[in-house]
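Below is one structure; the comments refer to it alone.
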Amino acid sequence: MRNLYLVSILFLLTPCAIRAQAFTVFDSFSDLEKRIQKADANTTLVLNFWATWCSPCVEELPCFEELNRNFTGPGFEVILVSLDFKSQLDKRFLPFLEKQQLKSEVVLLADQDADSWIPKVHPKWEGALPATVVIRGGQRAFYPDQFENYQELETFVFDFVKKTRKAMCLDSKGTR
Amino acid sequence: MKRAIHTLFLLAGVFVLYVAATGPETYVIGDKIDDFSLRNVDGRMVSLADYPDAKGYIIVFTCNHCPYAQLYEQRIINLHRRFSPMGVPVIAINPNDPDIVPEDSFEEMVARATEKRYPFAYLFDSTQTVYPRFGANRTPHVFVVSQDRILRYIGAIDDNPENPTAVRHRYVEDAVQAILRGERPHPDYTRAIGCTIKRKRK
């Protein structure tokens with residue numbers, strides 16, 4: 001079940017900023033898995049698990065926005081996976097999105113049975129927010145904390161990309 | 001022979017350094033837990049030994065500020081009301097550093113406990129030495145301990161934070177009933193979304 005919400009209030013309020021913030025609601029973790037599978041093996045997928053009520057998460061959001069600004073394109077995607085409550089969509093989530101005008105892809109994961117899906121994100125994750133997972137070529141890197149600054153995030157992502165590139169390279173040599 | 005003794009001493013040294021660097025081990029299921037002594041919202045120090053008739057303990061790392069802790073607040077109260085007459089009280093512990101989250105200061109804990117009439121002890125891990133032993137990493141994070149102080153369950157209260165009426169698995173309730181029967185809970189470990197524990201900045 002996927003619902004696409006378009007927030008156009010800002011469009012109505014400020015004539016100069018003709019932008020609408022779109023996000024997707026995933027009621028089941030399998031919807032997020034399908035979204036992940038849409039990316040091919042050469043694509044780097046950065047998933048940040050956050051929530052509007054989680055202050056360290058909100059603090060590090062600008063780092064992910066910067067990463068998105070610098071690298072998103074073919075082969076690189078940033079997805080901000082919010083664990084906000086669906087019941088507070090109008091009261092809390094939408095106003096936050098309107099205010100922040102996030103440019104990265106935003107999804108709201110509303111699957112409540114967290115014990116069933118947290119280990120599928122990464123076996124090392126126990127559920128504390130924030131958490132970040134980088135996926136590339138079937139491999140995953142996990143960061144169980146807040147990034148101190150942008151550089152730390154970029155280094156974490158690209159150290160992993162380099163490692164997977166090497167692995168994929170060796171792999172293709174091996175099969176030849 | 002001399003060399004072997006040297007090696008032995010070297011290994012022992014490395015081990016001592018390792019323990020000193022990493023601190024005492026984090027409990028795993030089946031471990032016997034050490035007693036602790038923390039200040040309760042009523043001003044008194046509370047330890048497990050203060051419950052001589054306990055048939056077990058529901059230790060909940062929780063706090064004031066976290067929305068997940070707030071969603072579970074009434075369910076934590078209900079757990080105590082239901083199981084403390086059967087000898088298994090809730091002991092709530094706030095592990096957060098109030099310099100990071102002022103809402104989780106001791107004064108705010110007292111205010112919250114008074115306002116919501118907490119029927120259980122609400123302790124403050126002010127030195128942040130108790131939660132690391134348990135390996136708690138979020139709020140709320142529950143540890144069910146049996147009468148002989150063996151850790152029997154780690155994890156979530158149930159499987160639906162947002163909607164208590166849609167809960168299918170009451171993990172903590174099931175775990176407490178299991179230990180009261182003298183059995184091992186199943187599952188004995190679950191994961192859940194929660195707020196990170198706010199560690200003092202060095």
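In the structure tokens, chains take the letters A, B, ... in the order shown, each chain's residues start at 1, and ligands count up from 1 in the order shown.
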Spatial neighbours of segment 86-95 of chain B, max dist 7 Å, only C-alpha atoms, sep filter under 4 positions, as a list in words: Asp53, Ala54, Lys55, Gly56, Tyr57, Ile58, Ile59, Val60, Phe61, Thr62, Cys63, His80, Phe120, Ala121, Tyr122, Leu123, Phe124, Asp125, Gln128, Tyr131 and Ile197 of chain B
Distance-based interface of chain B with chain A, 6 Å, counting only C-alpha atoms, as a list in words: Arg138, Asp159, Asn160, Thr190, Arg191, Ala192, Ile193, Gly194, Cys195 and Thr196 of chain B
DSSP alpha helix (DSSP H) residues within chain A, listed as a ChimeraX atom specification: /A:9-13,29-37,55-71,94-100,114-121,150-175
Each segment 54-118 of chain B residue no farther than 8 Å from segment 37-42 of chain B, nearest pair in Å, only C-alpha atoms, as JSON lines:
{"residue": "B:Phe106", "atom": "CA", "partner": "B:Val41", "partner_atom": "CA", "distance": 7.3}
{"residue": "B:Met109", "atom": "CA", "partner": "B:Val41", "partner_atom": "CA", "distance": 6.7}
{"residue": "B:Val110", "atom": "CA", "partner": "B:Val41", "partner_atom": "CA", "distance": 5.0}
{"residue": "B:Ala113", "atom": "CA", "partner": "B:Val41", "partner_atom": "CA", "distance": 7.3}
Keeping only all heavy atoms, take the residues you just selected and write them out as a CSV table (one decimal), in the first residue's frame.
chain,number,residue,atom,x,y,z
B,106,PHE,N,17.0,14.9,37.1
B,106,PHE,CA,16.3,14.3,38.2
B,106,PHE,C,15.1,15.1,38.7
B,106,PHE,O,14.0,14.4,39.0
B,106,PHE,CB,17.4,14.2,39.4
B,106,PHE,CG,16.8,13.4,40.6
B,106,PHE,CD1,16.7,12.1,40.5
B,106,PHE,CD2,16.4,14.1,41.7
B,106,PHE,CE1,16.2,11.3,41.6
B,106,PHE,CE2,15.9,13.4,42.8
B,106,PHE,CZ,15.8,12.0,42.7
B,109,MET,N,12.3,14.2,36.4
B,109,MET,CA,11.9,12.8,36.7
B,109,MET,C,10.9,12.8,37.9
B,109,MET,O,9.9,12.2,37.8
B,109,MET,CB,13.1,11.9,37.1
B,109,MET,CG,14.0,11.5,36.0
B,109,MET,SD,15.5,10.7,36.6
B,109,MET,CE,14.8,9.2,37.4
B,110,VAL,N,11.2,13.6,38.9
B,110,VAL,CA,10.4,13.7,40.1
B,110,VAL,C,9.0,14.2,39.6
B,110,VAL,O,7.9,13.7,40.0
B,110,VAL,CB,11.0,14.6,41.2
B,110,VAL,CG1,10.0,14.8,42.3
B,110,VAL,CG2,12.3,13.9,41.7
B,113,ALA,N,7.1,11.6,37.6
B,113,ALA,CA,6.6,10.5,38.4
B,113,ALA,C,5.4,10.9,39.3
B,113,ALA,O,4.5,10.1,39.5
B,113,ALA,CB,7.8,10.0,39.2
Residue contacts of Gly137 of chain A (9 Å, only C-alpha atoms) excluding same-chain residues fewer than 5 positions away, as a PyMOL selection string: chain A and resi 40-44+164-165+168
Selection export as a PDB file, in the first residue's frame, atoms kept: N, CA, C and O atoms:
ATOM      1  N   ASP A  40      20.182  -0.714  -8.883  1.00  0.00           N
ATOM      2  CA  ASP A  40      20.976  -1.829  -9.415  1.00  0.00           C
ATOM      3  C   ASP A  40      22.270  -2.016  -8.606  1.00  0.00           C
ATOM      4  O   ASP A  40      22.562  -1.245  -7.699  1.00  0.00           O
ATOM      5  N   ALA A  41      23.037  -3.028  -8.971  1.00  0.00           N
ATOM      6  CA  ALA A  41      24.212  -3.426  -8.175  1.00  0.00           C
ATOM      7  C   ALA A  41      25.284  -2.348  -8.145  1.00  0.00           C
ATOM      8  O   ALA A  41      26.102  -2.308  -7.227  1.00  0.00           O
ATOM      9  N   ASN A  42      25.301  -1.459  -9.141  1.00  0.00           N
ATOM     10  CA  ASN A  42      26.341  -0.424  -9.175  1.00  0.00           C
ATOM     11  C   ASN A  42      25.918   0.859  -8.482  1.00  0.00           C
ATOM     12  O   ASN A  42      26.685   1.817  -8.420  1.00  0.00           O
ATOM     13  N   THR A  43      24.663   0.863  -8.004  1.00  0.00           N
ATOM     14  CA  THR A  43      24.166   2.070  -7.353  1.00  0.00           C
ATOM     15  C   THR A  43      24.478   2.040  -5.862  1.00  0.00           C
ATOM     16  O   THR A  43      24.328   1.012  -5.207  1.00  0.00           O
ATOM     17  N   THR A  44      24.931   3.181  -5.361  1.00  0.00           N
ATOM     18  CA  THR A  44      25.148   3.331  -3.913  1.00  0.00           C
ATOM     19  C   THR A  44      23.881   3.937  -3.322  1.00  0.00           C
ATOM     20  O   THR A  44      23.423   4.987  -3.754  1.00  0.00           O
ATOM     21  N   THR A 164      33.620  -2.000  -1.800  1.00  0.00           N
ATOM     22  CA  THR A 164      32.745  -2.841  -2.623  1.00  0.00           C
ATOM     23  C   THR A 164      33.237  -2.859  -4.065  1.00  0.00           C
ATOM     24  O   THR A 164      33.131  -3.861  -4.743  1.00  0.00           O
ATOM     25  N   ARG A 165      33.786  -1.709  -4.527  1.00  0.00           N
ATOM     26  CA  ARG A 165      34.315  -1.673  -5.888  1.00  0.00           C
ATOM     27  C   ARG A 165      35.416  -2.712  -6.047  1.00  0.00           C
ATOM     28  O   ARG A 165      35.445  -3.470  -7.006  1.00  0.00           O
ATOM     29  N   MET A 168      33.896  -6.163  -6.011  1.00  0.00           N
ATOM     30  CA  MET A 168      33.184  -6.483  -7.245  1.00  0.00           C
ATOM     31  C   MET A 168      34.170  -6.754  -8.373  1.00  0.00           C
ATOM     32  O   MET A 168      33.959  -7.601  -9.217  1.00  0.00           O
TER      33      MET A 168
END
Selection: 7 Å around Leu45 of chain A, only C-alpha atoms, excl. self and same-chain fewer than 2 positions, as a PyMOL selection string: chain A and resi 43+47+76-78+134-136
Per-residue DSSP, segment 8-202 of chain B, filtered to strand (DSSP E), as a ChimeraX atom specification: /B:38-40,45-46,56-61,90-94,121-124,138-139,141-146,151-155,194-196
Å distance separating atom CA of Leu94 of chain A from atom CA of Phe29 of chain A, one decimal place: 21.3 Å
Of the listed residues B:Pro52, B:Pro164, B:Pro119, B:Pro98, that which approaches Gln147 of chain B most closely, counting only C-alpha atoms: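 Using only C-alpha atoms, the shortest distance to Gln147 of chain B belongs to B:Pro52.
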Please identify all polymer residues within 7 Å of segment 26-35 of chain B, counting only C-alpha atoms, omitting same-chain residues fewer than 4 positions from it, and present them as an mmCIF file with C-alpha atoms, in the first residue's frame.
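Output file around-v9.cif follows:
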data_model
loop_
_atom_site.group_PDB
_atom_site.id
_atom_site.type_symbol
_atom_site.label_atom_id
_atom_site.label_comp_id
_atom_site.auth_asym_id
_atom_site.auth_seq_id
_atom_site.Cartn_x
_atom_site.Cartn_y
_atom_site.Cartn_z
ATOM 1 C CA SER B 47 18.753 -1.690 45.039
ATOM 2 C CA LEU B 48 17.446 -5.100 44.042
ATOM 3 C CA PRO B 132 26.292 -0.045 29.994
ATOM 4 C CA ARG B 133 26.457 -3.221 32.104
ATOM 5 C CA PHE B 134 23.027 -4.174 30.779
ATOM 6 C CA GLY B 135 23.994 -3.190 27.260
ATOM 7 C CA ARG B 149 18.944 -12.586 39.368
ATOM 8 C CA ILE B 150 19.595 -14.341 36.095
ATOM 9 C CA LEU B 151 18.933 -12.219 33.010
ATOM 10 C CA ARG B 152 16.166 -13.961 31.051
ATOM 11 C CA TYR B 153 14.802 -11.485 28.496
#
Nearest-residue call for Phe49 of chain A, choices A:Lys34, A:Arg69, A:His122, A:Lys162, using only C-alpha atoms: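 Once distances to Phe49 of chain A are computed over only C-alpha atoms, the minimum belongs to A:His122.
Checking B:Gln70, B:Ser84, B:Thr114, B:Ser146 one by one against Glu162 of chain B, counting only C-alpha atoms, you find the shortest gap at B:Gln70.
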Residues within 10 Å of Lys116 of chain B, only C-alpha atoms, excluding chain neighbours under 3 positions, as a list in words: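 Using only C-alpha atoms, the neighbours found are Glu73, Gln74, Ile77, Ala111, Arg112, Ala113 and Pro119 of chain B.
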